[in-house]
$ cat run-v5.txt   # compact mmCIF, C-alpha atoms
# COMPACT_ATOMS: atom_id res chain seq x y z
CA MET A 116 1.57 18.57 -32.90
CA PRO A 117 -1.39 17.95 -35.29
CA ARG A 118 -4.77 19.35 -34.21
CA ALA A 119 -6.25 15.87 -33.61
CA GLU A 120 -3.36 14.89 -31.38
CA ARG A 121 -3.60 18.18 -29.47
CA GLY A 122 -7.29 17.54 -28.87
CA LEU A 123 -6.67 14.00 -27.64
CA PHE A 124 -3.90 15.20 -25.34
CA LEU A 125 -6.16 17.94 -23.93
CA ARG A 126 -9.02 15.52 -23.30
CA LYS A 127 -6.67 13.17 -21.47
CA ALA A 128 -5.26 15.99 -19.37
CA ILE A 129 -8.74 17.24 -18.41
CA ALA A 130 -9.91 13.73 -17.50
CA ALA A 131 -6.83 13.14 -15.37
CA ALA A 132 -7.24 16.49 -13.62
CA VAL A 133 -10.90 15.80 -12.82
CA ALA A 134 -9.99 12.37 -11.46
CA LEU A 135 -7.29 13.86 -9.25
CA VAL A 136 -9.72 16.46 -7.87
CA LEU A 137 -12.27 13.76 -7.04
CA SER A 138 -9.56 11.64 -5.47
CA GLY A 139 -8.37 14.60 -3.41
CA GLN A 140 -11.89 15.31 -2.17
CA ALA A 141 -12.27 11.70 -1.06
CA ALA A 142 -8.86 11.77 0.64
CA ALA A 143 -9.78 14.93 2.57
CA ASN A 144 -12.62 13.02 4.23
CA CYS A 145 -10.40 10.03 5.04
CA THR A 146 -9.18 10.27 8.64
CA ARG A 147 -8.25 6.61 9.32
CA PRO A 148 -6.65 5.60 6.01
CA VAL A 149 -5.08 2.43 4.79
CA TYR A 150 -3.11 2.45 1.56
CA LEU A 151 -3.96 -0.43 -0.74
CA THR A 152 -1.32 -1.02 -3.42
CA LEU A 153 -1.62 -3.47 -6.30
CA ASP A 154 1.35 -4.83 -8.22
CA THR A 155 0.96 -6.20 -11.73
CA GLY A 156 0.80 -9.93 -12.42
CA HIS A 157 -0.90 -12.03 -15.09
CA MET A 158 -3.80 -9.49 -15.20
CA GLY A 159 -6.40 -12.27 -15.40
CA VAL A 160 -8.36 -10.76 -12.51
CA ALA A 161 -7.59 -7.12 -13.33
CA PRO A 162 -11.04 -6.34 -14.82
CA LEU A 163 -12.76 -7.92 -11.81
CA ILE A 164 -10.56 -5.97 -9.40
CA ALA A 165 -11.35 -2.76 -11.27
CA ASP A 166 -15.07 -3.52 -10.92
CA VAL A 167 -14.70 -3.98 -7.14
CA LEU A 168 -12.72 -0.76 -6.72
CA LYS A 169 -15.26 1.22 -8.71
CA ARG A 170 -18.22 -0.31 -6.90
CA GLN A 171 -16.63 0.37 -3.50
CA ASP A 172 -15.42 3.88 -4.54
CA VAL A 173 -11.86 3.02 -3.49
CA ARG A 174 -8.65 4.54 -4.92
CA VAL A 175 -5.42 2.54 -4.88
CA THR A 176 -1.82 2.86 -6.07
CA PHE A 177 -0.74 0.53 -8.87
CA PHE A 178 2.92 -0.52 -9.16
CA ALA A 179 3.46 -1.70 -12.72
CA ALA A 180 5.99 -3.82 -14.57
CA ASN A 181 5.60 -5.26 -18.06
CA GLU A 182 4.85 -8.80 -16.96
CA ALA A 183 3.55 -11.73 -19.00
CA THR A 184 -0.24 -11.89 -19.05
CA GLN A 185 -2.89 -14.54 -19.53
CA GLN A 186 -4.30 -12.49 -22.40
CA GLY A 187 -2.63 -9.77 -24.42
CA ASP A 188 0.87 -8.53 -24.99
CA GLY A 189 2.11 -7.87 -21.45
CA SER A 190 0.73 -5.86 -18.55
CA LEU A 191 2.11 -2.60 -19.99
CA GLY A 192 1.41 -3.57 -23.59
CA ASP A 193 -0.97 -1.91 -26.03
CA ASP A 194 -3.62 -4.56 -25.39
CA TRP A 195 -4.01 -3.21 -21.83
CA ALA A 196 -3.84 0.49 -22.70
CA ALA A 197 -7.60 1.07 -22.38
CA TRP A 198 -7.62 -0.61 -18.97
CA TRP A 199 -4.87 1.68 -17.65
CA ARG A 200 -6.52 4.79 -19.10
CA ALA A 201 -9.78 3.93 -17.36
CA ARG A 202 -8.02 3.53 -14.00
CA ALA A 203 -6.41 6.96 -14.42
CA GLN A 204 -9.79 8.53 -15.13
CA GLU A 205 -11.08 6.99 -11.89
CA GLY A 206 -8.41 8.76 -9.84
CA HIS A 207 -5.98 5.95 -9.04
CA ALA A 208 -2.23 6.56 -8.67
CA PHE A 209 0.63 4.80 -10.48
CA ALA A 210 4.32 4.05 -9.91
CA SER A 211 7.11 1.88 -11.29
CA HIS A 212 7.70 -1.77 -10.40
CA THR A 213 10.74 -1.87 -12.77
CA TYR A 214 9.99 -2.59 -16.42
CA ASP A 215 11.19 -6.20 -16.65
CA HIS A 216 10.30 -7.00 -13.01
CA VAL A 217 13.95 -7.29 -12.04
CA TYR A 218 14.81 -8.83 -8.68
CA TRP A 219 17.80 -7.50 -6.77
CA SER A 220 20.03 -10.45 -5.79
CA ALA A 221 23.16 -8.86 -4.33
CA ASP A 222 25.40 -5.82 -4.26
CA VAL A 223 28.75 -6.37 -5.97
CA PRO A 224 31.97 -4.35 -5.63
CA PRO A 225 31.83 -0.97 -7.38
CA GLY A 226 33.30 -0.54 -10.84
CA ARG A 227 36.58 1.23 -11.51
CA ASP A 228 34.77 4.55 -11.60
CA GLY A 229 33.31 3.90 -8.14
CA THR A 230 29.72 3.49 -9.30
CA ALA A 231 27.48 1.03 -7.47
CA ARG A 232 26.67 -2.26 -9.15
CA PHE A 233 24.09 -4.97 -8.48
CA ARG A 234 23.36 -8.52 -9.47
CA ILE A 235 19.79 -8.71 -10.77
CA ARG A 236 17.46 -11.29 -12.33
CA ALA A 237 14.52 -10.43 -14.56
CA SER A 238 11.27 -12.39 -14.30
CA ALA A 239 9.84 -10.76 -17.44
CA GLY A 240 11.10 -9.50 -20.78
CA PRO A 241 13.57 -10.90 -23.30
CA GLN A 242 16.19 -11.81 -20.68
CA ILE A 243 13.84 -13.54 -18.30
CA GLY A 244 15.55 -15.83 -15.80
CA GLN A 245 19.03 -14.53 -16.55
CA THR A 246 21.29 -13.17 -13.81
CA ARG A 247 23.03 -10.01 -14.96
CA LEU A 248 25.17 -7.19 -13.64
CA PHE A 249 23.53 -3.76 -13.50
CA THR A 250 25.24 -0.45 -12.88
CA ALA A 251 23.48 2.22 -10.85
CA ALA A 252 22.56 4.01 -14.06
CA GLN A 253 21.07 0.85 -15.58
CA TYR A 254 18.94 0.24 -12.50
CA CYS A 255 17.66 3.82 -12.56
CA GLU A 256 16.80 3.42 -16.25
CA GLU A 257 14.92 0.21 -15.43
CA ILE A 258 12.74 2.10 -12.96
CA GLY A 259 12.30 5.03 -15.34
CA ARG A 260 11.33 2.88 -18.30
CA ALA A 261 8.23 1.61 -16.50
CA ALA A 262 7.40 5.12 -15.28
CA ARG A 263 7.58 6.54 -18.82
CA ARG A 264 5.35 3.78 -20.14
CA LEU A 265 2.81 4.42 -17.39
CA GLU A 266 2.69 8.08 -18.36
CA GLU A 267 2.07 7.09 -21.99
CA LEU A 268 -0.72 4.72 -21.00
CA THR A 269 -2.49 6.80 -18.36
CA GLY A 270 -1.94 10.33 -19.64
CA GLN A 271 -0.80 11.43 -16.19
CA PRO A 272 2.60 11.58 -14.47
CA PRO A 273 3.26 8.57 -12.24
CA LEU A 274 4.53 9.11 -8.72
CA PRO A 275 8.31 9.41 -8.18
CA LEU A 276 8.14 6.16 -6.23
CA PHE A 277 8.98 2.55 -7.01
CA ARG A 278 8.64 -0.90 -5.56
CA ALA A 279 11.42 -3.42 -6.05
CA PRO A 280 10.03 -6.82 -7.05
CA GLY A 281 9.63 -9.01 -4.01
CA GLY A 282 10.54 -5.99 -1.91
CA ARG A 283 14.17 -7.07 -2.26
CA THR A 284 16.59 -4.20 -1.77
CA SER A 285 19.81 -3.20 -0.07
CA PRO A 286 20.81 0.12 1.54
CA THR A 287 23.00 0.81 -1.50
CA LEU A 288 20.18 0.10 -3.93
CA LEU A 289 17.80 2.39 -2.04
CA SER A 290 20.43 5.14 -1.98
CA VAL A 291 20.99 4.83 -5.73
CA ALA A 292 17.25 4.95 -6.44
CA ARG A 293 16.76 8.04 -4.30
CA GLY A 294 19.71 9.66 -6.02
CA CYS A 295 17.93 9.34 -9.35
CA GLY A 296 14.61 10.54 -7.96
CA TYR A 297 12.70 7.49 -6.70
CA ALA A 298 11.71 6.63 -3.13
CA HIS A 299 11.01 2.98 -2.37
CA VAL A 300 7.66 1.75 -1.06
CA GLY A 301 7.39 -1.48 0.90
CA TRP A 302 4.41 -2.66 2.95
CA ALA A 303 3.45 -3.34 6.54
CA PRO A 304 3.83 -6.92 7.82
CA ALA A 305 0.06 -7.05 8.39
CA GLY A 306 -0.38 -5.50 4.95
CA PHE A 307 0.96 -8.59 3.18
CA LEU A 308 -2.42 -9.91 2.05
CA GLY A 309 -1.16 -13.36 1.12
CA ASP A 310 -2.31 -13.66 -2.48
CA GLU A 311 1.09 -15.15 -3.42
CA LEU A 312 0.77 -17.99 -0.92
CA PRO A 313 -0.36 -21.51 -1.98
CA SER A 314 -4.13 -21.81 -1.66
CA GLU A 315 -3.78 -25.45 -0.53
CA ARG A 316 -2.23 -24.18 2.71
CA TYR A 317 -3.68 -20.66 3.00
CA SER A 318 -7.36 -20.49 2.12
CA ASN A 319 -9.06 -17.29 1.08
CA ALA A 320 -11.20 -17.43 4.22
CA GLU A 321 -8.12 -17.65 6.44
CA LEU A 322 -6.36 -14.80 4.62
CA LEU A 323 -9.43 -12.59 4.92
CA ALA A 324 -9.82 -13.29 8.64
CA LYS A 325 -6.15 -12.58 9.30
CA ALA A 326 -6.22 -9.30 7.39
CA LEU A 327 -9.36 -8.06 9.13
CA ARG A 328 -7.84 -8.97 12.49
CA ASP A 329 -4.38 -7.46 12.00
CA ILE A 330 -4.62 -4.44 9.69
CA ARG A 331 -4.45 -1.04 11.39
CA PRO A 332 -4.94 2.52 10.08
CA GLY A 333 -1.89 4.02 8.40
CA GLN A 334 -0.58 0.75 6.99
CA ILE A 335 0.39 0.02 3.39
CA LEU A 336 -1.22 -3.14 1.97
CA VAL A 337 -0.07 -5.16 -1.03
CA ALA A 338 -1.73 -7.59 -3.44
CA HIS A 339 -1.46 -8.35 -7.16
CA LEU A 340 -3.42 -8.28 -10.40
CA GLY A 341 -3.08 -12.05 -10.72
CA ILE A 342 -0.70 -14.69 -9.38
CA TRP A 343 0.15 -17.62 -11.65
CA SER A 344 0.86 -20.13 -8.91
CA ARG A 345 -2.24 -19.68 -6.72
CA LYS A 346 -4.93 -22.18 -7.71
CA ASP A 347 -7.81 -20.45 -5.87
CA PRO A 348 -7.43 -16.78 -6.85
CA TRP A 349 -7.35 -14.30 -3.97
CA ALA A 350 -9.03 -11.58 -5.98
CA PRO A 351 -11.77 -10.68 -6.25
CA ALA A 352 -13.02 -13.24 -3.70
CA VAL A 353 -11.18 -11.66 -0.75
CA LEU A 354 -10.84 -8.10 -2.02
CA GLU A 355 -14.45 -6.94 -1.70
CA PRO A 356 -15.17 -8.41 1.75
CA LEU A 357 -11.82 -7.05 2.92
CA ILE A 358 -12.71 -3.54 1.77
CA GLU A 359 -16.16 -3.79 3.30
CA GLY A 360 -14.77 -5.19 6.54
CA LEU A 361 -12.16 -2.46 6.93
CA LYS A 362 -14.76 0.20 6.18
CA ALA A 363 -16.99 -1.33 8.88
CA LYS A 364 -14.09 -0.89 11.32
CA GLY A 365 -13.97 2.83 10.50
CA MET A 366 -11.09 2.74 8.01
CA CYS A 367 -10.97 4.36 4.59
CA PHE A 368 -8.72 4.07 1.53
CA ALA A 369 -6.23 6.56 0.11
CA THR A 370 -3.47 6.52 -2.49
CA LEU A 371 0.20 7.10 -1.77
CA ARG A 372 -0.30 10.67 -2.99
CA GLU A 373 -1.80 11.25 0.44
CA HIS A 374 0.66 9.19 2.51
CA PRO A 375 2.45 11.48 5.00
CA ASP A 376 5.80 9.73 4.48
CA TYR A 377 5.79 10.48 0.74
CA GLN A 378 3.91 13.74 0.27
CA ARG A 379 6.98 15.96 0.60
CA TRP A 380 9.03 13.74 -1.71
CA ILE A 381 6.29 13.76 -4.35
CA ALA A 382 5.94 17.54 -4.15
CA ALA A 383 9.70 18.03 -4.48
CA HIS A 384 9.79 16.06 -7.75
CA ARG A 385 6.57 17.33 -9.31
CA ASP A 386 8.27 19.84 -11.58
CA ASP A 387 11.27 17.65 -12.38
CA PRO A 388 10.03 14.07 -12.84
CA PRO A 389 13.01 11.70 -12.79
CA TRP A 390 11.86 9.57 -15.75
CA SER A 391 11.96 12.62 -18.05
CA ARG A 392 15.57 13.57 -17.38
$ encode --input "run-v5.txt" --output "structure tokens"
Amino acid sequence: MPRAERGLFLRKAIAAAVALVLSGQAAANCTRPVYLTLDTGHMGVAPLIADVLKRQDVRVTFFAANEATQQGDGSLGDDWAAWWRARAQEGHAFASHTYDHVYWSADVPPGRDGTARFRIRASAGPQIGQTRLFTAAQYCEEIGRAARRLEELTGQPPLPLFRAPGGRTSPTLLSVARGCGYAHVGWAPAGFLGDELPSERYSNAELLAKALRDIRPGQILVAHLGIWSRKDPWAPAVLEPLIEGLKAKGMCFATLREHPDYQRWIAAHRDDPPWSR
């Protein structure tokens, strides 16, 4: 590796390590945590969300796919590389959302070799909108492709976790994913923050009130970095008052690195990350 590249790699590694230490110190003081997770989307509000998180000193877990964006070459494209690097330096965590944001539709009978197969539909990438047949190995590669890209962009290993688009899974799909090193992360019913819902029927004020009423410590929350269909964007309008309101109720924010259901899994795969196999 040339000297300049070695220096850049070292600087990235040091920055990531410092961010992780700071994140760990914050997590140690967090006794009533909630786990805010943010999936990719059109990224139009991503800079505003980053500003809120930094201002509120909150760490989250990003689940990333390479989705179409309002500006730039896709949410995992080079145009967004600086944005992802900055989030890593702030101590956030990252995991795969499948590279082409592929929705599981159904299990299908195994192939002749007995391997599991699935019917999937991509909502991003060159085969957007097409229903295809995936083998277990192809689905694992789809998860791993996003994880590898996240590592390139952030300079730190992502978590050995994934979120299926729409949360759509089957027991067979979950078993296959765990077999290739990835545990699935859903969200609590109260943790669905509603940013995908039509704003004509679900106002930001109503979504904020519901979240502040229903969310409890220990729950995983989910929102997005931009939803195409919502006319009145949820973020950042709801995000900051939600964070402030939950803090006022004695809650704090942690990443999935600190979640008790995933800590052992993450530790077990630290030295053998599945996307590098």
$ residues_around --input "run-v5.txt" --residues "range 193-203 of chain A" --least-positions-apart "5" --cutoff "7 Å" --atoms "all atoms listed in the file" --output "mmCIF file with C-alpha atoms, in the frame of the given file"
data_model
loop_
_atom_site.group_PDB
_atom_site.id
_atom_site.type_symbol
_atom_site.label_atom_id
_atom_site.label_comp_id
_atom_site.auth_asym_id
_atom_site.auth_seq_id
_atom_site.Cartn_x
_atom_site.Cartn_y
_atom_site.Cartn_z
ATOM 1 C CA ALA A 131 -6.830 13.140 -15.370
ATOM 2 C CA GLY A 187 -2.630 -9.770 -24.420
ATOM 3 C CA ASP A 188 0.870 -8.530 -24.990
ATOM 4 C CA LEU A 268 -0.720 4.720 -21.000
ATOM 5 C CA THR A 269 -2.490 6.800 -18.360
#
$ axis_aligned_box --input "run-v5.txt" --around "range 297-316 of chain A" --padding-each-side "4 Å" --output "AutoDock Vina command-line options"
--center_x 4.3 --center_y -9.0 --center_z 0.8 --size_x 24.8 --size_y 40.9 --size_z 23.1
$ residues_around --input "run-v5.txt" --residues "Leu323 in chain A" --least-positions-apart "4" --cutoff "9 Å" --atoms "all atoms listed in the file" --output "ChimeraX atom specification"
/A:308,318-319,327-328,353-354,356-357
$ residues_around --input "run-v5.txt" --residues "range 145-154 of chain A" --least-positions-apart "2" --cutoff "7 Å" --atoms "all atoms listed in the file" --output "tab-separated table (two decimals) with C-alpha atoms, in the frame of the given file"
chain	number	residue	atom	x	y	z
A	141	ALA	CA	-12.27	11.70	-1.06
A	142	ALA	CA	-8.86	11.77	0.64
A	143	ALA	CA	-9.78	14.93	2.57
A	156	GLY	CA	0.80	-9.93	-12.42
A	175	VAL	CA	-5.42	2.54	-4.88
A	176	THR	CA	-1.82	2.86	-6.07
A	177	PHE	CA	-0.74	0.53	-8.87
A	178	PHE	CA	2.92	-0.52	-9.16
A	179	ALA	CA	3.46	-1.70	-12.72
A	332	PRO	CA	-4.94	2.52	10.08
A	333	GLY	CA	-1.89	4.02	8.40
A	334	GLN	CA	-0.58	0.75	6.99
A	335	ILE	CA	0.39	0.02	3.39
A	336	LEU	CA	-1.22	-3.14	1.97
A	337	VAL	CA	-0.07	-5.16	-1.03
A	338	ALA	CA	-1.73	-7.59	-3.44
A	339	HIS	CA	-1.46	-8.35	-7.16
A	340	LEU	CA	-3.42	-8.28	-10.40
A	365	GLY	CA	-13.97	2.83	10.50
A	366	MET	CA	-11.09	2.74	8.01
A	367	CYS	CA	-10.97	4.36	4.59
A	368	PHE	CA	-8.72	4.07	1.53
A	369	ALA	CA	-6.23	6.56	0.11
A	370	THR	CA	-3.47	6.52	-2.49
A	371	LEU	CA	0.20	7.10	-1.77
$ closest_residue --input "run-v5.txt" --among "A:Arg260, A:His212, A:His384, A:Lys346" --to "Arg293 in chain A" --atoms "all atoms listed in the file"
A:His384
$ closest_residue --input "run-v5.txt" --among "A:Ala324, A:Ala239, A:Leu265, A:Ala221" --to "Arg283 in chain A" --atoms "all atoms listed in the file"
A:Ala221
$ residues_around --input "run-v5.txt" --residues "Gln171 in chain A" --least-positions-apart "5" --cutoff "9 Å" --atoms "all atoms listed in the file" --output "number ranges by chain"
A: 166, 355, 358-359
$ residues_around --input "run-v5.txt" --residues "Ala292 in chain A" --least-positions-apart "4" --cutoff "9 Å" --atoms "all atoms listed in the file" --output "PyMOL selection string"
chain A and resi 251+254-255+258+277+287-288+296-299
$ atom_distance --input "run-v5.txt" --atom1 "CA of Thr284 in chain A" --atom2 "CA of Ala303 in chain A"
15.6 Å
$ residues_near_point --input "run-v5.txt" --point "(21.7, -11.1, -10.8)" --cutoff "8 Å" --atoms "only C-alpha atoms" --output "ChimeraX atom specification"
/A:218-221,233-236,245-248
$ write_last_selection --input "run-v5.txt" --atoms "C-alpha atoms" --output "short mmCIF file (atom, residue, chain, number, x, y, z; two decimals), keeping the file's coordinate frame"
data_model
loop_
_atom_site.label_atom_id
_atom_site.label_comp_id
_atom_site.auth_asym_id
_atom_site.auth_seq_id
_atom_site.Cartn_x
_atom_site.Cartn_y
_atom_site.Cartn_z
CA TYR A 218 14.81 -8.83 -8.68
CA TRP A 219 17.80 -7.50 -6.77
CA SER A 220 20.03 -10.45 -5.79
CA ALA A 221 23.16 -8.86 -4.33
CA PHE A 233 24.09 -4.97 -8.48
CA ARG A 234 23.36 -8.52 -9.47
CA ILE A 235 19.79 -8.71 -10.77
CA ARG A 236 17.46 -11.29 -12.33
CA GLN A 245 19.03 -14.53 -16.55
CA THR A 246 21.29 -13.17 -13.81
CA ARG A 247 23.03 -10.01 -14.96
CA LEU A 248 25.17 -7.19 -13.64
#
$ closest_residue --input "run-v5.txt" --among "A:Ile243, A:Ala165, A:Ala261, A:Ala383" --to "Pro351 in chain A" --atoms "only C-alpha atoms"
A:Ala165
$ atom_distance --input "run-v5.txt" --atom1 "CA of Pro241 in chain A" --atom2 "CA of Ser344 in chain A"
21.3 Å
$ closest_residue --input "run-v5.txt" --among "A:Arg392, A:Arg227, A:Arg331, A:Arg385" --to "Lys364 in chain A" --atoms "only C-alpha atoms"
A:Arg331
